[in-house]
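Reproduced below: target30.cif, with mmCIF, C-alpha atoms, pLDDT in the B column; chains and numbers go by the auth columns.
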data_coords
loop_
_atom_site.group_PDB
_atom_site.id
_atom_site.type_symbol
_atom_site.label_atom_id
_atom_site.label_comp_id
_atom_site.label_asym_id
_atom_site.label_seq_id
_atom_site.Cartn_x
_atom_site.Cartn_y
_atom_site.Cartn_z
_atom_site.B_iso_or_equiv
_atom_site.auth_seq_id
_atom_site.auth_asym_id
ATOM 1 C CA MET A 1 -3.150 35.730 -211.304 54.00 349 A
ATOM 2 C CA LEU A 2 -3.545 35.292 -215.050 53.00 350 A
ATOM 3 C CA GLN A 3 -5.622 38.484 -215.239 67.00 351 A
ATOM 4 C CA GLN A 4 -2.864 40.413 -213.421 72.00 352 A
ATOM 5 C CA ARG A 5 -0.225 39.118 -215.862 73.00 353 A
ATOM 6 C CA LYS A 6 -2.412 40.156 -218.790 69.00 354 A
ATOM 7 C CA LYS A 7 -2.836 43.610 -217.252 71.00 355 A
ATOM 8 C CA ASP A 8 0.918 43.962 -216.657 76.00 356 A
ATOM 9 C CA PHE A 9 1.652 42.844 -220.203 75.00 357 A
ATOM 10 C CA LEU A 10 -0.826 45.309 -221.686 72.00 358 A
ATOM 11 C CA GLN A 11 0.447 48.105 -219.461 73.00 359 A
ATOM 12 C CA ARG A 12 4.025 47.472 -220.611 78.00 360 A
ATOM 13 C CA LEU A 13 3.024 47.422 -224.285 74.00 361 A
ATOM 14 C CA ILE A 14 1.082 50.639 -223.924 73.00 362 A
ATOM 15 C CA GLU A 15 3.996 52.332 -222.163 76.00 363 A
ATOM 16 C CA GLU A 16 6.329 51.212 -224.964 76.00 364 A
ATOM 17 C CA PHE A 17 3.892 52.588 -227.532 73.00 365 A
ATOM 18 C CA PHE A 18 3.737 55.986 -225.847 71.00 366 A
ATOM 19 C CA LYS A 19 7.542 56.031 -225.515 75.00 367 A
ATOM 20 C CA LYS A 20 7.875 55.435 -229.286 72.00 368 A
ATOM 21 C CA LEU A 21 5.227 58.059 -229.927 67.00 369 A
ATOM 22 C CA GLU A 22 7.049 60.603 -227.758 68.00 370 A
ATOM 23 C CA GLN A 23 10.257 59.923 -229.660 68.00 371 A
ATOM 24 C CA MET A 24 8.395 60.548 -232.909 63.00 372 A
ATOM 25 C CA VAL A 25 6.918 63.791 -231.641 58.00 373 A
ATOM 26 C CA ASN A 26 10.278 65.030 -230.379 62.00 374 A
ATOM 27 C CA GLY A 27 11.844 64.274 -233.757 60.00 375 A
ATOM 28 C CA ARG A 28 14.240 61.573 -232.639 56.00 376 A
ATOM 29 C CA ILE A 29 12.481 59.146 -234.974 53.00 377 A
ATOM 30 C CA VAL A 30 11.033 60.417 -238.222 52.00 378 A
ATOM 31 C CA PRO A 31 8.224 58.017 -239.111 57.00 379 A
ATOM 32 C CA ASP A 32 6.031 58.056 -242.124 63.00 380 A
ATOM 33 C CA SER A 33 2.258 58.079 -241.742 64.00 381 A
ATOM 34 C CA SER A 34 2.011 54.346 -242.347 72.00 382 A
ATOM 35 C CA GLU A 35 4.338 53.662 -239.387 72.00 383 A
ATOM 36 C CA LYS A 36 2.256 55.892 -237.108 71.00 384 A
ATOM 37 C CA GLU A 37 -0.901 54.148 -238.197 76.00 385 A
ATOM 38 C CA ALA A 38 0.701 50.734 -237.710 79.00 386 A
ATOM 39 C CA LEU A 39 1.616 51.636 -234.119 77.00 387 A
ATOM 40 C CA MET A 40 -1.905 52.846 -233.401 79.00 388 A
ATOM 41 C CA ASN A 41 -3.426 49.714 -234.930 82.00 389 A
ATOM 42 C CA GLU A 42 -1.072 47.531 -232.907 82.00 390 A
ATOM 43 C CA CYS A 43 -2.106 49.199 -229.675 80.00 391 A
ATOM 44 C CA PHE A 44 -5.831 49.040 -230.459 86.00 392 A
ATOM 45 C CA GLY A 45 -5.289 45.439 -231.526 87.00 393 A
ATOM 46 C CA PHE A 46 -3.949 44.527 -228.104 81.00 394 A
ATOM 47 C CA PHE A 47 -7.013 46.015 -226.429 85.00 395 A
ATOM 48 C CA SER A 48 -9.228 44.183 -228.881 88.00 396 A
ATOM 49 C CA GLU A 49 -7.513 40.809 -228.581 86.00 397 A
ATOM 50 C CA ASN A 50 -7.016 40.791 -224.833 81.00 398 A
ATOM 51 C CA LEU A 51 -10.061 42.689 -223.591 84.00 399 A
ATOM 52 C CA GLN A 52 -12.455 42.437 -226.557 89.00 400 A
ATOM 53 C CA VAL A 53 -12.641 46.233 -226.780 89.00 401 A
ATOM 54 C CA GLU A 54 -13.853 47.773 -230.021 89.00 402 A
ATOM 55 C CA LYS A 55 -13.451 51.414 -231.047 85.00 403 A
ATOM 56 C CA ASN A 56 -17.218 51.914 -231.296 88.00 404 A
ATOM 57 C CA ASP A 57 -17.939 50.575 -227.776 90.00 405 A
ATOM 58 C CA ARG A 58 -19.992 52.829 -225.539 92.00 406 A
ATOM 59 C CA LEU A 59 -18.658 53.985 -222.170 91.00 407 A
ATOM 60 C CA GLU A 60 -20.743 51.385 -220.328 92.00 408 A
ATOM 61 C CA ASP A 61 -19.274 48.610 -222.474 91.00 409 A
ATOM 62 C CA LEU A 62 -15.750 49.918 -222.017 90.00 410 A
ATOM 63 C CA THR A 63 -16.018 50.057 -218.245 91.00 411 A
ATOM 64 C CA GLU A 64 -17.363 46.527 -218.215 91.00 412 A
ATOM 65 C CA LYS A 65 -14.641 45.150 -220.489 89.00 413 A
ATOM 66 C CA ILE A 66 -11.764 47.148 -218.995 85.00 414 A
ATOM 67 C CA SER A 67 -12.287 46.721 -215.281 83.00 415 A
ATOM 68 C CA ASP A 68 -8.862 48.068 -214.323 83.00 416 A
ATOM 69 C CA ASN A 69 -8.754 51.849 -213.856 87.00 417 A
ATOM 70 C CA ASP A 70 -5.144 52.156 -215.036 84.00 418 A
ATOM 71 C CA LEU A 71 -5.881 50.392 -218.303 84.00 419 A
ATOM 72 C CA LEU A 72 -9.032 52.421 -218.779 89.00 420 A
ATOM 73 C CA GLU A 73 -7.024 55.599 -218.327 89.00 421 A
ATOM 74 C CA GLN A 74 -4.465 54.329 -220.843 86.00 422 A
ATOM 75 C CA TYR A 75 -7.260 53.624 -223.317 90.00 423 A
ATOM 76 C CA ALA A 76 -8.474 57.216 -222.960 91.00 424 A
ATOM 77 C CA LYS A 77 -4.922 58.414 -223.586 88.00 425 A
ATOM 78 C CA LEU A 78 -4.738 56.189 -226.651 87.00 426 A
ATOM 79 C CA LEU A 79 -7.976 57.663 -228.017 90.00 427 A
ATOM 80 C CA MET A 80 -6.629 61.188 -227.489 89.00 428 A
ATOM 81 C CA THR A 81 -3.421 60.238 -229.276 83.00 429 A
ATOM 82 C CA GLU A 82 -5.454 58.850 -232.162 85.00 430 A
ATOM 83 C CA TYR A 83 -7.223 62.214 -232.373 88.00 431 A
ATOM 84 C CA ASP A 84 -3.863 64.027 -232.387 83.00 432 A
ATOM 85 C CA LEU A 85 -2.544 61.882 -235.233 79.00 433 A
ATOM 86 C CA SER A 86 -5.688 62.033 -237.325 79.00 434 A
ATOM 87 C CA GLU A 87 -6.047 64.533 -240.110 78.00 435 A
ATOM 88 C CA ASN A 88 -9.740 64.969 -239.379 80.00 436 A
ATOM 89 C CA LYS A 89 -9.891 66.906 -236.094 79.00 437 A
ATOM 90 C CA ASP A 90 -13.497 66.069 -235.288 80.00 438 A
ATOM 91 C CA LYS A 91 -14.271 66.922 -231.656 83.00 439 A
ATOM 92 C CA GLU A 92 -16.422 63.794 -231.415 84.00 440 A
ATOM 93 C CA GLY A 93 -13.131 61.906 -231.227 85.00 441 A
ATOM 94 C CA LEU A 94 -12.391 63.603 -227.907 92.00 442 A
ATOM 95 C CA LEU A 95 -15.751 63.135 -226.230 93.00 443 A
ATOM 96 C CA LYS A 96 -15.220 59.440 -225.503 93.00 444 A
ATOM 97 C CA PRO A 97 -11.833 59.886 -223.779 94.00 445 A
ATOM 98 C CA LEU A 98 -13.275 62.802 -221.824 94.00 446 A
ATOM 99 C CA SER A 99 -16.227 60.701 -220.683 95.00 447 A
ATOM 100 C CA ILE A 100 -13.818 57.918 -219.652 94.00 448 A
ATOM 101 C CA ILE A 101 -11.770 60.327 -217.541 95.00 449 A
ATOM 102 C CA GLU A 102 -14.900 61.812 -215.968 95.00 450 A
ATOM 103 C CA TYR A 103 -16.123 58.297 -215.172 94.00 451 A
ATOM 104 C CA LEU A 104 -12.796 57.521 -213.502 94.00 452 A
ATOM 105 C CA GLU A 105 -12.933 60.742 -211.494 93.00 453 A
ATOM 106 C CA ASN A 106 -16.392 59.834 -210.243 92.00 454 A
ATOM 107 C CA THR A 107 -15.645 56.209 -209.403 91.00 455 A
ATOM 108 C CA ASP A 108 -12.026 56.347 -208.220 86.00 456 A
ATOM 109 C CA LYS A 109 -11.634 58.937 -205.497 84.00 457 A
ATOM 110 C CA THR A 110 -7.849 58.646 -205.290 86.00 458 A
ATOM 111 C CA PHE A 111 -6.083 61.645 -206.758 87.00 459 A
ATOM 112 C CA SER A 112 -4.201 61.054 -209.983 86.00 460 A
ATOM 113 C CA TRP A 113 -2.003 63.795 -211.384 90.00 461 A
ATOM 114 C CA GLU A 114 -1.757 62.000 -214.750 88.00 462 A
ATOM 115 C CA ARG A 115 -5.539 61.772 -214.970 91.00 463 A
ATOM 116 C CA THR A 116 -5.893 65.465 -214.178 92.00 464 A
ATOM 117 C CA VAL A 117 -3.333 66.403 -216.834 92.00 465 A
ATOM 118 C CA LEU A 118 -5.006 64.109 -219.360 91.00 466 A
ATOM 119 C CA LYS A 119 -8.386 65.710 -218.708 94.00 467 A
ATOM 120 C CA GLU A 120 -6.938 69.197 -219.098 94.00 468 A
ATOM 121 C CA ASP A 121 -5.217 68.169 -222.344 92.00 469 A
ATOM 122 C CA ILE A 122 -8.506 66.847 -223.723 93.00 470 A
ATOM 123 C CA LEU A 123 -10.388 69.980 -222.657 94.00 471 A
ATOM 124 C CA HIS A 124 -7.690 72.168 -224.238 93.00 472 A
ATOM 125 C CA ARG A 125 -8.047 70.285 -227.535 91.00 473 A
ATOM 126 C CA LEU A 126 -11.828 70.623 -227.373 90.00 474 A
ATOM 127 C CA ASP A 127 -11.498 74.381 -226.862 89.00 475 A
ATOM 128 C CA ARG A 128 -9.287 74.656 -229.945 84.00 476 A
ATOM 129 C CA SER A 129 -11.666 72.744 -232.212 70.00 477 A
#
Full structure transcribed into structure tokens:
Amino acid sequence: MLQQRKKDFLQRLIEEFFKKLEQMVNGRIVPDSSEKEALMNECFGFFSENLQVEKNDRLEDLTEKISDNDLLEQYAKLLMTEYDLSENKDKEGLLKPLSIIEYLENTDKTFSWERTVLKEDILHRLDRS
């Protein structure tokens, strides 16, 4: 029960983060770079505090720490967003979210439109770099 509440809380925070980010991208909110970075750090901080996830964790560690597929998918989306906001467009930053999505496709056989779109977005960014 406590684990489910933690998951719901994290899911809500992540959704709020992406809503704010979408507003920034669409120009409704004009943030400075420090505000963008603060939002990203806040989101990574929640994963770190609640699930003990670190940015340099390997895929095996991530799947062990984030046992919920929805949260794992959100973490991949967060990593892709970090790549989008970074000035250094190193394709290595996209390989981890891609490997997370591929892992989810192999382990969770239910179809997810959001997962498919996320994978295509990552592949598109990799093609551009």
(request) Determine the nearest neighbour of Phe395 in chain A from the options A:Lys368, A:Glu408, A:Gln359, A:Ser382, counting all atoms listed in the file. (result)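 Comparing A:Lys368, A:Glu408, A:Gln359, A:Ser382 against Phe395 in chain A, the winner is A:Gln359.
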(request) Compile the contact shell of Glu397 in chain A as a list in words: residues with an atom at most 12 Å away, counting only C-alpha atoms, same-chain residues fewer than 5 positions apart removed. (result)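 Contacts, with the query itself left out: Lys354, Leu358, Asn389, Glu390, Cys391, Phe392, Glu402 and Lys413 of chain A.
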(message) I'd like to see the residues matched by the PyMOL selection byres ((chain A and resi 385-388) around 12) on this file, and ideally I'd get them as a PyMOL selection string.
(response) chain A and resi 361-362+364-369+372+379-384+389-395+403+423+425-435
(request) Would you list the contacts of Leu410 in chain A as number ranges by chain, taking every protein, DNA or RNA residue within 9 Å and counting all atoms listed in the file, but skipping same-chain residues closer than 6 positions in sequence? (result) A: 401-402, 420, 448
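Counting all atoms listed in the file and comparing A:Arg406, A:Lys355, A:His472, A:Arg463, the residue that lies closest to Lys439 in chain A is A:His472.
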(request) Just give me the gap between CA of Arg360 in chain A and CA of Gln400 in chain A in Å, one decimal is fine. (result)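 Atom-to-atom, CA of Arg360 in chain A to CA of Gln400 in chain A, that is 18.2 Å.
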(message) Once the PyMOL selection byres ((chain A and resi 466) around 9) has been evaluated on this model, what residues remain selected, and can you format them as a ChimeraX atom specification?
(response) /A:421,424-425,428,446,449,461-465,467-471
(request) Figure out the distance between CA of Asn417 in chain A and CA of Asn436 in chain A, please, to one decimal in Å. (result)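 Interatomic distance here is 28.7 Å.
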Is it possible to get the axis-aligned box enclosing range 379-395 of chain A (all listed atoms, 8 Å extra per side) as JSON, with centre and edge lengths in Å rounded to one decimal?
{"center_x": 0.6, "center_y": 51.3, "center_z": -234.4, "size_x": 31.2, "size_y": 29.6, "size_z": 31.9}
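What separates CA of Arg476 in chain A from CA of Leu407 in chain A is a distance of 24.0 Å.
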